>>> print(open('target.cif').read())   # mmCIF, C-alpha atoms and all ligand atoms
data_structure
loop_
_atom_site.label_atom_id
_atom_site.label_comp_id
_atom_site.auth_asym_id
_atom_site.auth_seq_id
_atom_site.Cartn_x
_atom_site.Cartn_y
_atom_site.Cartn_z
CA MET G 1 -5.50 -20.13 -130.53
CA GLU G 2 -2.02 -20.17 -129.06
CA ILE G 3 -1.44 -17.60 -126.38
CA ASP G 4 1.88 -16.60 -124.86
CA VAL G 5 2.63 -18.78 -121.87
CA CYS G 6 5.69 -18.39 -119.65
CA CYS G 7 7.96 -21.15 -118.40
CA ARG G 8 7.20 -22.04 -114.76
CA ILE G 9 10.92 -22.41 -114.09
CA CYS G 10 12.57 -19.39 -115.71
CA SER G 11 9.75 -17.26 -117.20
CA GLY G 12 11.13 -17.89 -120.70
CA ARG G 13 8.76 -18.22 -123.62
CA LEU G 14 7.10 -21.60 -124.14
CA GLU G 15 6.72 -23.04 -127.60
CA GLN G 16 3.78 -25.39 -127.93
CA VAL G 17 4.80 -28.75 -129.42
CA ALA G 18 1.84 -31.08 -128.76
CA ASP G 19 -1.89 -30.79 -128.10
CA PHE G 20 -3.87 -33.71 -126.65
CA GLY G 21 -7.13 -31.79 -126.60
CA ARG G 22 -9.74 -31.36 -123.94
CA GLN G 23 -9.02 -33.62 -120.96
CA PRO G 24 -10.67 -34.32 -117.61
CA LEU G 25 -8.84 -34.73 -114.30
CA SER G 26 -7.13 -38.10 -114.67
CA ASP G 27 -8.28 -39.33 -111.26
CA ALA G 28 -11.88 -37.99 -111.30
CA PHE G 29 -13.72 -41.30 -111.41
CA ARG G 30 -17.46 -40.58 -111.33
CA VAL G 31 -20.40 -42.55 -110.03
CA PRO G 32 -22.82 -43.31 -112.89
CA ALA G 33 -25.58 -41.07 -111.46
CA GLU G 34 -23.29 -38.03 -111.10
CA GLN G 35 -25.01 -34.95 -112.58
CA ARG G 36 -22.39 -32.29 -111.87
CA ALA G 37 -20.56 -30.97 -114.91
CA GLU G 38 -17.12 -32.51 -115.37
CA PHE G 39 -14.01 -30.32 -115.11
CA PHE G 40 -11.99 -30.17 -118.31
CA PHE G 41 -8.75 -28.45 -119.27
CA ARG G 42 -6.60 -28.30 -122.39
CA LEU G 43 -3.73 -30.78 -122.28
CA ALA G 44 -1.04 -29.19 -124.41
CA VAL G 45 2.72 -29.45 -124.02
CA GLY G 46 5.33 -26.76 -124.53
CA VAL G 47 9.09 -26.49 -124.30
CA CYS G 48 10.94 -23.50 -122.90
CA GLY G 49 13.27 -21.85 -125.36
CA SER G 50 15.56 -20.70 -122.53
CA CYS G 51 15.90 -23.57 -120.03
CA SER G 52 14.55 -26.46 -122.18
CA MET G 53 12.02 -27.60 -119.55
CA VAL G 54 9.13 -29.52 -121.12
CA GLN G 55 5.85 -28.70 -119.37
CA LEU G 56 2.10 -28.37 -119.68
CA MET G 57 0.76 -25.16 -121.17
CA GLU G 58 -2.18 -25.09 -118.78
CA GLU G 59 -2.15 -25.83 -115.06
CA VAL G 60 -4.86 -27.51 -112.96
CA PRO G 61 -5.32 -26.03 -109.45
CA ARG G 62 -3.57 -28.37 -107.00
CA ASP G 63 -6.54 -28.72 -104.64
CA ARG G 64 -8.53 -30.27 -107.48
CA MET G 65 -5.93 -33.05 -107.83
CA PHE G 66 -4.51 -33.80 -104.37
CA HIS G 67 -7.33 -33.96 -101.86
CA ASP G 68 -8.69 -36.29 -99.19
CA GLY G 69 -10.17 -38.59 -101.82
CA TYR G 70 -6.94 -38.92 -103.89
CA PRO G 71 -7.25 -42.55 -104.99
CA TYR G 72 -3.73 -43.60 -106.04
CA LEU G 73 -1.90 -45.96 -103.68
CA SER G 74 1.84 -46.37 -104.22
CA SER G 75 1.89 -49.76 -102.50
CA GLY G 76 -0.58 -51.30 -104.98
CA SER G 77 2.18 -53.04 -106.95
CA SER G 78 4.62 -55.62 -105.57
CA VAL G 79 7.32 -54.36 -107.95
CA MET G 80 6.92 -50.84 -106.57
CA ARG G 81 6.93 -52.09 -102.96
CA ALA G 82 10.27 -53.80 -103.64
CA HIS G 83 11.58 -50.71 -105.43
CA PHE G 84 10.89 -48.45 -102.43
CA ALA G 85 12.16 -51.02 -99.92
CA GLY G 86 15.39 -51.05 -101.97
CA PHE G 87 15.74 -47.29 -101.65
CA ALA G 88 15.15 -47.46 -97.88
CA GLU G 89 17.85 -50.17 -97.62
CA ARG G 90 20.28 -47.98 -99.51
CA VAL G 91 19.64 -44.99 -97.22
CA MET G 92 20.24 -47.16 -94.16
CA SER G 93 23.48 -48.59 -95.55
CA GLU G 94 24.90 -45.22 -96.68
CA TRP G 95 24.01 -43.10 -93.66
CA SER G 96 24.31 -43.61 -89.93
CA ASP G 97 21.43 -42.15 -87.92
CA PRO G 98 20.07 -39.99 -90.75
CA PHE G 99 17.02 -37.74 -90.68
CA VAL G 100 14.96 -38.56 -93.80
CA VAL G 101 12.09 -36.44 -95.12
CA GLU G 102 9.83 -37.63 -97.91
CA LEU G 103 7.73 -35.21 -99.94
CA GLY G 104 4.47 -36.84 -101.03
CA CYS G 105 4.97 -40.01 -98.98
CA ASN G 106 1.59 -41.39 -100.15
CA ASP G 107 0.62 -44.46 -98.08
CA GLY G 108 4.08 -44.79 -96.53
CA VAL G 109 5.34 -47.45 -98.90
CA MET G 110 8.97 -46.19 -98.58
CA LEU G 111 8.97 -44.55 -95.14
CA GLY G 112 7.28 -47.57 -93.54
CA ASN G 113 10.59 -49.43 -94.00
CA LEU G 114 12.50 -46.69 -92.16
CA ALA G 115 9.85 -46.39 -89.44
CA ARG G 116 10.10 -50.13 -88.70
CA ALA G 117 13.91 -49.83 -88.49
CA GLY G 118 13.69 -46.90 -86.07
CA VAL G 119 15.21 -44.34 -88.49
CA ARG G 120 14.28 -40.69 -87.84
CA HIS G 121 11.90 -39.60 -90.57
CA LEU G 122 8.98 -37.40 -91.54
CA GLY G 123 6.51 -37.71 -94.41
CA VAL G 124 4.87 -34.60 -95.87
CA GLU G 125 1.65 -35.55 -97.64
CA PRO G 126 -1.28 -33.22 -98.45
CA SER G 127 -3.71 -35.96 -99.58
CA GLY G 128 -5.43 -36.81 -96.29
CA GLY G 129 -6.69 -40.30 -97.11
CA VAL G 130 -3.32 -41.74 -98.13
CA ALA G 131 -1.56 -39.83 -95.30
CA ASP G 132 -3.81 -41.63 -92.79
CA ARG G 133 -2.75 -44.96 -94.28
CA ALA G 134 0.91 -43.97 -93.80
CA ALA G 135 0.26 -42.97 -90.18
CA ALA G 136 -1.53 -46.27 -89.55
CA GLN G 137 1.70 -48.15 -90.27
CA GLY G 138 3.74 -46.05 -87.87
CA VAL G 139 5.00 -43.37 -90.27
CA ARG G 140 5.32 -39.88 -88.81
CA VAL G 141 3.42 -37.71 -91.26
CA CYS G 142 2.34 -34.09 -91.58
CA LYS G 143 -0.63 -33.36 -93.83
CA GLU G 144 0.56 -30.34 -95.76
CA PHE G 145 1.89 -29.11 -99.06
CA PHE G 146 5.68 -28.79 -98.68
CA GLU G 147 6.81 -25.17 -99.04
CA SER G 148 9.55 -23.01 -97.54
CA GLY G 149 7.46 -22.08 -94.45
CA VAL G 150 6.87 -25.76 -93.70
CA ALA G 151 10.58 -26.47 -94.33
CA GLU G 152 11.62 -23.81 -91.80
CA ARG G 153 9.29 -25.30 -89.20
CA ILE G 154 10.61 -28.82 -89.76
CA ARG G 155 14.23 -27.62 -89.51
CA ALA G 156 13.45 -25.77 -86.27
CA THR G 157 11.85 -28.88 -84.73
CA ASP G 158 13.90 -31.76 -86.15
CA GLY G 159 17.10 -30.17 -87.43
CA PRO G 160 18.47 -30.35 -90.99
CA ALA G 161 17.60 -33.28 -93.24
CA ASP G 162 20.27 -35.66 -94.50
CA VAL G 163 18.06 -37.10 -97.22
CA ILE G 164 15.02 -35.48 -98.78
CA TYR G 165 13.23 -37.87 -101.10
CA ALA G 166 10.35 -37.49 -103.53
CA ALA G 167 9.07 -40.24 -105.86
CA ASN G 168 6.61 -39.30 -108.57
CA THR G 169 5.89 -36.06 -106.77
CA LEU G 170 8.14 -33.24 -107.99
CA CYS G 171 6.97 -33.42 -111.61
CA HIS G 172 3.42 -32.94 -110.31
CA ILE G 173 4.09 -29.48 -108.97
CA PRO G 174 3.97 -26.40 -111.25
CA TYR G 175 5.23 -24.12 -108.43
CA VAL G 176 8.34 -26.30 -108.08
CA GLY G 177 10.48 -23.25 -107.25
CA SER G 178 8.84 -23.02 -103.86
CA ILE G 179 9.65 -26.71 -103.24
CA LEU G 180 13.30 -26.14 -104.14
CA ARG G 181 13.44 -23.12 -101.83
CA GLY G 182 12.08 -25.38 -99.08
CA VAL G 183 14.69 -28.05 -99.92
CA ALA G 184 17.47 -25.42 -99.77
CA THR G 185 16.16 -24.41 -96.32
CA LEU G 186 15.84 -27.91 -94.88
CA LEU G 187 18.81 -29.77 -96.37
CA GLY G 188 21.92 -30.23 -94.22
CA PRO G 189 25.31 -29.11 -95.65
CA GLU G 190 26.19 -32.66 -96.80
CA GLY G 191 22.60 -33.71 -97.46
CA VAL G 192 21.06 -34.89 -100.71
CA PHE G 193 17.73 -34.29 -102.38
CA VAL G 194 16.80 -37.41 -104.34
CA PHE G 195 13.78 -37.46 -106.62
CA GLU G 196 12.53 -39.78 -109.34
CA ASP G 197 10.05 -39.01 -112.09
CA PRO G 198 9.16 -40.12 -115.63
CA TYR G 199 12.07 -39.29 -117.94
CA LEU G 200 11.55 -37.13 -121.01
CA GLY G 201 14.02 -39.28 -122.96
CA ASP G 202 11.97 -42.44 -122.35
CA VAL G 203 8.64 -40.74 -123.11
CA VAL G 204 9.97 -39.52 -126.47
CA ARG G 205 11.75 -42.80 -127.27
CA LEU G 206 8.68 -44.94 -126.45
CA THR G 207 6.06 -42.44 -127.71
CA SER G 208 4.45 -42.98 -124.30
CA PHE G 209 2.28 -39.89 -124.59
CA ASP G 210 0.02 -41.27 -121.85
CA GLN G 211 2.75 -40.22 -119.38
CA ILE G 212 1.37 -36.75 -120.03
CA TYR G 213 -1.70 -35.90 -117.95
CA ASP G 214 -2.86 -33.28 -115.43
CA GLU G 215 -0.66 -34.57 -112.60
CA HIS G 216 2.50 -34.81 -114.68
CA PHE G 217 3.15 -31.12 -115.15
CA PHE G 218 6.86 -31.39 -116.01
CA LEU G 219 8.77 -33.93 -118.08
CA PHE G 220 12.28 -33.67 -116.63
CA SER G 221 15.62 -34.31 -118.30
CA ALA G 222 19.12 -34.07 -116.82
CA GLY G 223 19.68 -30.79 -118.68
CA SER G 224 16.48 -29.10 -117.52
CA VAL G 225 16.91 -30.35 -113.94
CA GLN G 226 20.46 -29.02 -113.78
CA ARG G 227 19.26 -25.58 -114.88
CA MET G 228 16.24 -25.70 -112.56
CA ALA G 229 18.40 -26.45 -109.49
CA ALA G 230 21.09 -23.77 -109.96
CA PRO G 231 19.19 -20.67 -108.69
CA TYR G 232 18.63 -22.46 -105.35
CA GLY G 233 22.31 -23.18 -104.77
CA LEU G 234 21.80 -26.83 -105.69
CA GLU G 235 23.45 -28.92 -108.38
CA LEU G 236 22.87 -32.21 -110.08
CA VAL G 237 25.48 -34.69 -108.79
CA ASP G 238 24.06 -38.05 -109.85
CA VAL G 239 21.49 -39.67 -112.11
CA GLU G 240 20.28 -43.24 -112.32
CA ARG G 241 17.98 -44.73 -114.95
CA LEU G 242 15.06 -46.65 -113.44
CA ALA G 243 12.91 -49.21 -115.25
CA VAL G 244 9.83 -48.50 -113.14
CA HIS G 245 6.74 -46.65 -114.39
CA GLY G 246 7.75 -46.91 -118.03
CA GLY G 247 11.18 -45.33 -117.60
CA GLU G 248 12.25 -42.85 -114.96
CA VAL G 249 15.40 -41.10 -113.81
CA ARG G 250 16.41 -40.77 -110.18
CA TYR G 251 18.13 -37.39 -109.81
CA THR G 252 20.38 -36.52 -106.86
CA LEU G 253 20.92 -32.85 -106.00
CA ALA G 254 23.39 -31.55 -103.42
CA ARG G 255 24.48 -28.12 -102.28
CA LYS G 256 26.77 -26.48 -104.80
CA GLY G 257 30.35 -27.66 -104.28
CA ALA G 258 29.44 -30.27 -101.64
CA ARG G 259 29.86 -33.29 -103.92
CA ASP G 260 31.50 -34.14 -107.23
CA GLN G 261 29.31 -34.65 -110.27
CA SER G 262 29.25 -38.33 -111.25
CA ALA G 263 30.25 -39.67 -114.66
CA ALA G 264 26.63 -40.79 -115.12
CA VAL G 265 25.48 -37.15 -115.11
CA ARG G 266 28.06 -36.14 -117.72
CA GLU G 267 27.10 -39.12 -119.89
CA LEU G 268 23.36 -38.44 -119.72
CA LEU G 269 23.86 -34.73 -120.46
CA ALA G 270 26.01 -35.60 -123.48
CA ASP G 271 23.42 -38.14 -124.62
CA GLU G 272 20.60 -35.63 -124.37
CA ALA G 273 22.56 -33.03 -126.31
CA ALA G 274 23.47 -35.54 -129.04
CA GLN G 275 19.85 -36.66 -129.43
CA GLY G 276 18.40 -33.17 -129.10
CA ILE G 277 15.61 -34.59 -126.93
CA ALA G 278 14.30 -31.18 -125.89
CA ASP G 279 14.42 -29.67 -129.40
CA ALA G 280 11.04 -28.38 -130.53
CA ALA G 281 11.36 -30.31 -133.81
CA ALA G 282 11.99 -33.61 -132.01
CA LEU G 283 9.02 -32.99 -129.73
CA ARG G 284 6.77 -32.16 -132.70
CA ALA G 285 7.83 -35.45 -134.30
CA PHE G 286 6.89 -37.19 -131.04
CA ALA G 287 3.44 -35.57 -131.21
CA GLY G 288 3.09 -36.84 -134.79
CA ARG G 289 3.88 -40.40 -133.65
CA ALA G 290 1.29 -40.06 -130.88
CA ALA G 291 -1.32 -39.11 -133.50
CA ASP G 292 -0.39 -42.24 -135.50
CA THR G 293 -0.86 -44.37 -132.38
CA ARG G 294 -4.28 -42.79 -131.85
CA ASP G 295 -5.39 -43.51 -135.43
CA ARG G 296 -4.12 -47.11 -135.35
CA LEU G 297 -5.63 -47.92 -131.97
CA VAL G 298 -9.06 -46.57 -132.94
CA ALA G 299 -8.91 -48.43 -136.29
CA LEU G 300 -8.02 -51.70 -134.52
CA LEU G 301 -10.78 -51.39 -131.90
CA THR G 302 -13.32 -50.45 -134.58
CA GLU G 303 -12.35 -53.48 -136.65
CA LEU G 304 -12.67 -55.78 -133.60
CA ARG G 305 -16.11 -54.39 -132.82
CA GLU G 306 -17.22 -55.00 -136.42
CA ARG G 307 -15.91 -58.58 -136.19
CA GLY G 308 -17.90 -59.12 -133.00
CA ALA G 309 -14.81 -59.76 -130.84
CA SER G 310 -15.10 -58.99 -127.13
CA VAL G 311 -12.74 -56.36 -125.71
CA ALA G 312 -12.02 -55.19 -122.17
CA GLY G 313 -9.59 -52.66 -120.75
CA TYR G 314 -7.02 -53.64 -118.08
CA GLY G 315 -6.10 -51.01 -115.49
CA ALA G 316 -8.10 -47.77 -115.12
CA THR G 317 -4.85 -45.87 -114.65
CA ALA G 318 -4.42 -42.10 -114.56
CA LYS G 319 -2.45 -42.56 -117.80
CA SER G 320 -5.45 -44.13 -119.50
CA ALA G 321 -7.38 -40.84 -119.26
CA THR G 322 -5.07 -39.25 -121.84
CA VAL G 323 -5.33 -42.21 -124.22
CA LEU G 324 -9.11 -42.59 -123.96
CA ASN G 325 -9.94 -38.91 -124.26
CA TYR G 326 -7.33 -38.12 -126.91
CA CYS G 327 -8.49 -41.08 -129.01
CA GLY G 328 -12.19 -40.49 -128.30
CA ILE G 329 -12.60 -44.09 -127.07
CA GLY G 330 -15.77 -44.74 -125.05
CA PRO G 331 -17.86 -47.75 -123.95
CA ASP G 332 -18.85 -48.43 -127.59
CA LEU G 333 -15.26 -49.59 -128.28
CA ILE G 334 -14.23 -50.76 -124.78
CA PRO G 335 -17.35 -51.79 -122.82
CA PHE G 336 -15.57 -51.98 -119.45
CA ILE G 337 -12.18 -51.74 -117.76
CA VAL G 338 -11.09 -53.94 -114.87
CA ASP G 339 -9.08 -52.51 -111.98
CA THR G 340 -8.04 -53.90 -108.60
CA THR G 341 -8.51 -50.55 -106.78
CA GLN G 342 -11.80 -50.88 -104.93
CA ALA G 343 -12.40 -47.11 -104.84
CA LYS G 344 -12.57 -47.09 -108.65
CA GLN G 345 -14.89 -50.09 -109.07
CA GLY G 346 -18.50 -49.27 -109.95
CA ARG G 347 -17.41 -45.86 -111.22
CA LEU G 348 -16.82 -44.47 -114.71
CA THR G 349 -13.54 -43.40 -116.29
CA PRO G 350 -13.17 -39.59 -116.40
CA GLY G 351 -14.38 -37.97 -119.61
CA SER G 352 -14.76 -41.25 -121.51
CA HIS G 353 -17.34 -42.79 -119.11
CA ILE G 354 -16.31 -46.43 -119.41
CA PRO G 355 -17.58 -48.55 -116.48
CA ILE G 356 -14.87 -49.90 -114.14
CA ARG G 357 -15.32 -53.39 -112.73
CA GLY G 358 -13.44 -55.56 -110.29
CA PRO G 359 -10.84 -58.12 -111.45
CA GLU G 360 -13.39 -60.95 -111.24
CA ALA G 361 -15.19 -59.46 -114.27
CA PHE G 362 -12.06 -60.11 -116.34
CA ARG G 363 -12.31 -63.90 -116.17
CA ASP G 364 -16.09 -64.24 -116.38
CA PRO G 365 -15.58 -65.09 -119.21
CA TYR G 366 -12.21 -63.86 -120.48
CA PRO G 367 -12.57 -61.34 -123.33
CA ASP G 368 -10.98 -62.06 -126.72
CA TYR G 369 -8.78 -58.97 -126.36
CA ALA G 370 -7.63 -56.80 -123.46
CA VAL G 371 -6.16 -53.32 -123.85
CA LEU G 372 -3.28 -53.05 -121.39
CA PHE G 373 -3.53 -49.52 -119.98
CA ALA G 374 -1.26 -50.41 -117.04
CA TRP G 375 1.58 -51.21 -119.47
CA ASN G 376 4.17 -49.92 -117.02
CA HIS G 377 3.37 -53.00 -114.88
CA ALA G 378 3.27 -55.34 -117.92
CA ALA G 379 5.64 -58.02 -116.62
CA GLU G 380 3.83 -58.28 -113.29
CA ILE G 381 0.41 -58.40 -114.97
CA MET G 382 1.37 -60.92 -117.67
CA THR G 383 2.58 -63.30 -114.98
CA LYS G 384 -0.58 -62.84 -112.93
CA GLU G 385 -2.89 -63.27 -115.92
CA GLN G 386 -1.27 -66.25 -117.65
CA GLU G 387 -4.65 -68.00 -117.80
CA PHE G 388 -6.01 -65.23 -120.02
CA ARG G 389 -3.40 -66.09 -122.67
CA GLU G 390 -3.93 -69.81 -122.15
CA ALA G 391 -7.66 -69.28 -122.75
CA GLY G 392 -6.80 -67.72 -126.13
CA GLY G 393 -6.91 -64.07 -125.04
CA GLN G 394 -4.62 -61.50 -126.62
CA TRP G 395 -3.18 -58.29 -125.23
CA ILE G 396 -3.47 -55.03 -127.13
CA ARG G 397 -0.53 -52.73 -126.42
CA TYR G 398 0.05 -49.20 -127.72
CA VAL G 399 3.54 -48.44 -126.39
CA PRO G 400 5.85 -48.01 -128.22
CA GLU G 401 3.32 -48.60 -131.00
CA VAL G 402 0.00 -50.38 -131.47
CA HIS G 403 0.47 -54.15 -131.51
CA VAL G 404 -1.33 -57.33 -130.50
CA ALA G 405 0.63 -59.77 -128.35
ZN ZN B 501 12.40 -22.04 -118.78
#
>>> encode(input="target.cif", output="structure tokens", more="lines below")
Ligand SMILES: [Zn+2]
Amino acid sequence: MEIDVCCRICSGRLEQVADFGRQPLSDAFRVPAEQRAEFFFRLAVGVCGSCSMVQLMEEVPRDRMFHDGYPYLSSGSSVMRAHFAGFAERVMSEWSDPFVVELGCNDGVMLGNLARAGVRHLGVEPSGGVADRAAAQGVRVCKEFFESGVAERIRATDGPADVIYAANTLCHIPYVGSILRGVATLLGPEGVFVFEDPYLGDVVRLTSFDQIYDEHFFLFSAGSVQRMAAPYGLELVDVERLAVHGGEVRYTLARKGARDQSAAVRELLADEAAQGIADAAALRAFAGRAADTRDRLVALLTELRERGASVAGYGATAKSATVLNYCGIGPDLIPFIVDTTQAKQGRLTPGSHIPIRGPEAFRDPYPDYAVLFAWNHAAEIMTKEQEFREAGGQWIRYVPEVHVA
């Protein structure tokens, strides 16, 4: 049954456009003996008829997602380490003696660069385990959820921020208005708020429906971000397409009137309008393509099982929770998934209960087929796992559609 749900940005009416069914928390990896009932929620997507923001219909309480045991480490990929080092370099070349605040600094993968260079900085990170890792490499970190009260305190102690940065954080937060109020409090008159998140346009174009899971509450576009920022006296002044994480946009907000809007913003807004990316009809078509991917992937894995081929999964990512649970794939179709994150090894994938093993299990012996769940790191993984291909192994991909490579 569809119930009336309001937009978290503007209280407009949400129209449901996709339903990925009952889903667990994407990062709730269980030990095999765990008896406690698993938490499930309904993963459905709606679009606001007023401000065009694409968002989840149902929200998971934040303390269930971002806690001391939060397992994701931003520095796990060399591509991402280089990406964040590049941003730090840019900040240091564009500003002299800036004060930089990062929201959701994770293990300090970006701020570590600034800390080593002696740049004034502060990380705000509510997940205690990863915050400790940031502190261990010299990052100044406060273990809190960023809100306007916290912003006022930081401004009183450290002064206004020149750069506020958030990578793969803002789209996680349903109560984003309170973050933007905090940004408006903390940002200096000439300061910028820079954030990067998965881009709606890429998700629709690639049918990468696995970008949708509990932690990705919003799917931003230039149009929806521009409307979201306005009530806080902020405006969108620049956008940059990023190839990381399957396609993201880096948005730059500034105080209204402080900076000119770049040509890139005007171009992306025009592009979005021409393609109608936030139209309910386009989003329903996207949901239809996701259903095709589900049917084809299950058919392929079933056929491989009947042929007696061996199959493993590669990367027990948060994204994979949506694919596995939406498709109803369990250990009968994928007996195990390998992952380099030690905290996940020996555990089961949420909801689908597929055992997770260390990377050594992958080559002992190599399976005939491997489903690449970490497709956003495909280039890095293909290079690392050349021997798998040389041994006759084949990758199964499902973005933008199901194919064997
Ligand atoms: Zn709205």
>>> closest_residue(input="target.cif", among="G:Gln345, G:Pro367, G:Val79, G:Met228", to="G:Glu380", atoms="all atoms listed in the file")
G:Val79
>>> residues_near_ligand(input="target.cif", ligand="ligand ZN 501 (chain B)", cutoff="12 Å", atoms="only C-alpha atoms and all ligand atoms", output="PDB file with C-alpha atoms, in the frame of the given file")
ATOM      1  CA  VAL G   5       2.630 -18.780-121.870  1.00  0.00           C
ATOM      2  CA  CYS G   6       5.690 -18.390-119.650  1.00  0.00           C
ATOM      3  CA  CYS G   7       7.960 -21.150-118.400  1.00  0.00           C
ATOM      4  CA  ARG G   8       7.200 -22.040-114.760  1.00  0.00           C
ATOM      5  CA  ILE G   9      10.920 -22.410-114.090  1.00  0.00           C
ATOM      6  CA  CYS G  10      12.570 -19.390-115.710  1.00  0.00           C
ATOM      7  CA  SER G  11       9.750 -17.260-117.200  1.00  0.00           C
ATOM      8  CA  GLY G  12      11.130 -17.890-120.700  1.00  0.00           C
ATOM      9  CA  ARG G  13       8.760 -18.220-123.620  1.00  0.00           C
ATOM     10  CA  LEU G  14       7.100 -21.600-124.140  1.00  0.00           C
ATOM     11  CA  GLU G  15       6.720 -23.040-127.600  1.00  0.00           C
ATOM     12  CA  GLY G  46       5.330 -26.760-124.530  1.00  0.00           C
ATOM     13  CA  VAL G  47       9.090 -26.490-124.300  1.00  0.00           C
ATOM     14  CA  CYS G  48      10.940 -23.500-122.900  1.00  0.00           C
ATOM     15  CA  GLY G  49      13.270 -21.850-125.360  1.00  0.00           C
ATOM     16  CA  SER G  50      15.560 -20.700-122.530  1.00  0.00           C
ATOM     17  CA  CYS G  51      15.900 -23.570-120.030  1.00  0.00           C
ATOM     18  CA  SER G  52      14.550 -26.460-122.180  1.00  0.00           C
ATOM     19  CA  MET G  53      12.020 -27.600-119.550  1.00  0.00           C
ATOM     20  CA  VAL G  54       9.130 -29.520-121.120  1.00  0.00           C
ATOM     21  CA  GLN G  55       5.850 -28.700-119.370  1.00  0.00           C
ATOM     22  CA  GLY G 177      10.480 -23.250-107.250  1.00  0.00           C
ATOM     23  CA  PHE G 218       6.860 -31.390-116.010  1.00  0.00           C
ATOM     24  CA  PHE G 220      12.280 -33.670-116.630  1.00  0.00           C
ATOM     25  CA  GLY G 223      19.680 -30.790-118.680  1.00  0.00           C
ATOM     26  CA  SER G 224      16.480 -29.100-117.520  1.00  0.00           C
ATOM     27  CA  VAL G 225      16.910 -30.350-113.940  1.00  0.00           C
ATOM     28  CA  GLN G 226      20.460 -29.020-113.780  1.00  0.00           C
ATOM     29  CA  ARG G 227      19.260 -25.580-114.880  1.00  0.00           C
ATOM     30  CA  MET G 228      16.240 -25.700-112.560  1.00  0.00           C
ATOM     31  CA  ALA G 229      18.400 -26.450-109.490  1.00  0.00           C
ATOM     32  CA  ALA G 278      14.300 -31.180-125.890  1.00  0.00           C
TER      33      ALA G 278
END
>>> residues_around(input="target.cif", residues="G:Ser352", least_positions_apart="5", cutoff="9 Å", atoms="only C-alpha atoms", output="PyMOL selection string")
chain G and resi 24+321+324-325+328-331
>>> closest_residue(input="target.cif", among="G:Ala88, G:Val60, G:Ala258, G:Ala18", to="G:Phe39", atoms="only C-alpha atoms")
G:Val60
>>> atom_distance(input="target.cif", atom1="atom CA of G:Val371", atom2="atom CA of G:Ser320")
10.2 Å
>>> closest_residue(input="target.cif", among="G:Asp214, G:Glu125, G:Glu147, G:Glu94", to="G:Arg22", atoms="all atoms listed in the file")
G:Asp214
>>> atom_distance(input="target.cif", atom1="atom CA of G:Ala343", atom2="atom CA of G:Phe146")
26.5 Å
>>> closest_residue(input="target.cif", among="G:Asp210, G:Asp27, G:Glu38, G:Glu196", to="G:Thr322", atoms="all atoms listed in the file")
G:Asp210
>>> closest_residue(input="target.cif", among="G:Ala151, G:Gly257, G:Met110, G:Leu297", to="G:Glu190", atoms="all atoms listed in the file")
G:Gly257
>>> atom_distance(input="target.cif", atom1="atom CA of G:Gly246", atom2="atom CA of G:His172")
16.5 Å
>>> residues_around(input="target.cif", residues="G:Leu187", least_positions_apart="5", cutoff="12 Å", atoms="all atoms listed in the file", output="PyMOL selection string")
chain G and resi 98-101+148+151-152+154-155+158-165+179-182+192-194+232-234+253-255+258
>>> residues_around(input="target.cif", residues="G:Leu25", least_positions_apart="4", cutoff="12 Å", atoms="all atoms listed in the file", output="ChimeraX atom specification")
/G:29-30,38-43,59-66,70,212-216,317-322,325,349-352
>>> closest_residue(input="target.cif", among="G:Arg90, G:Cys327, G:Gly358, G:Cys171", to="G:Arg296", atoms="only C-alpha atoms")
G:Cys327
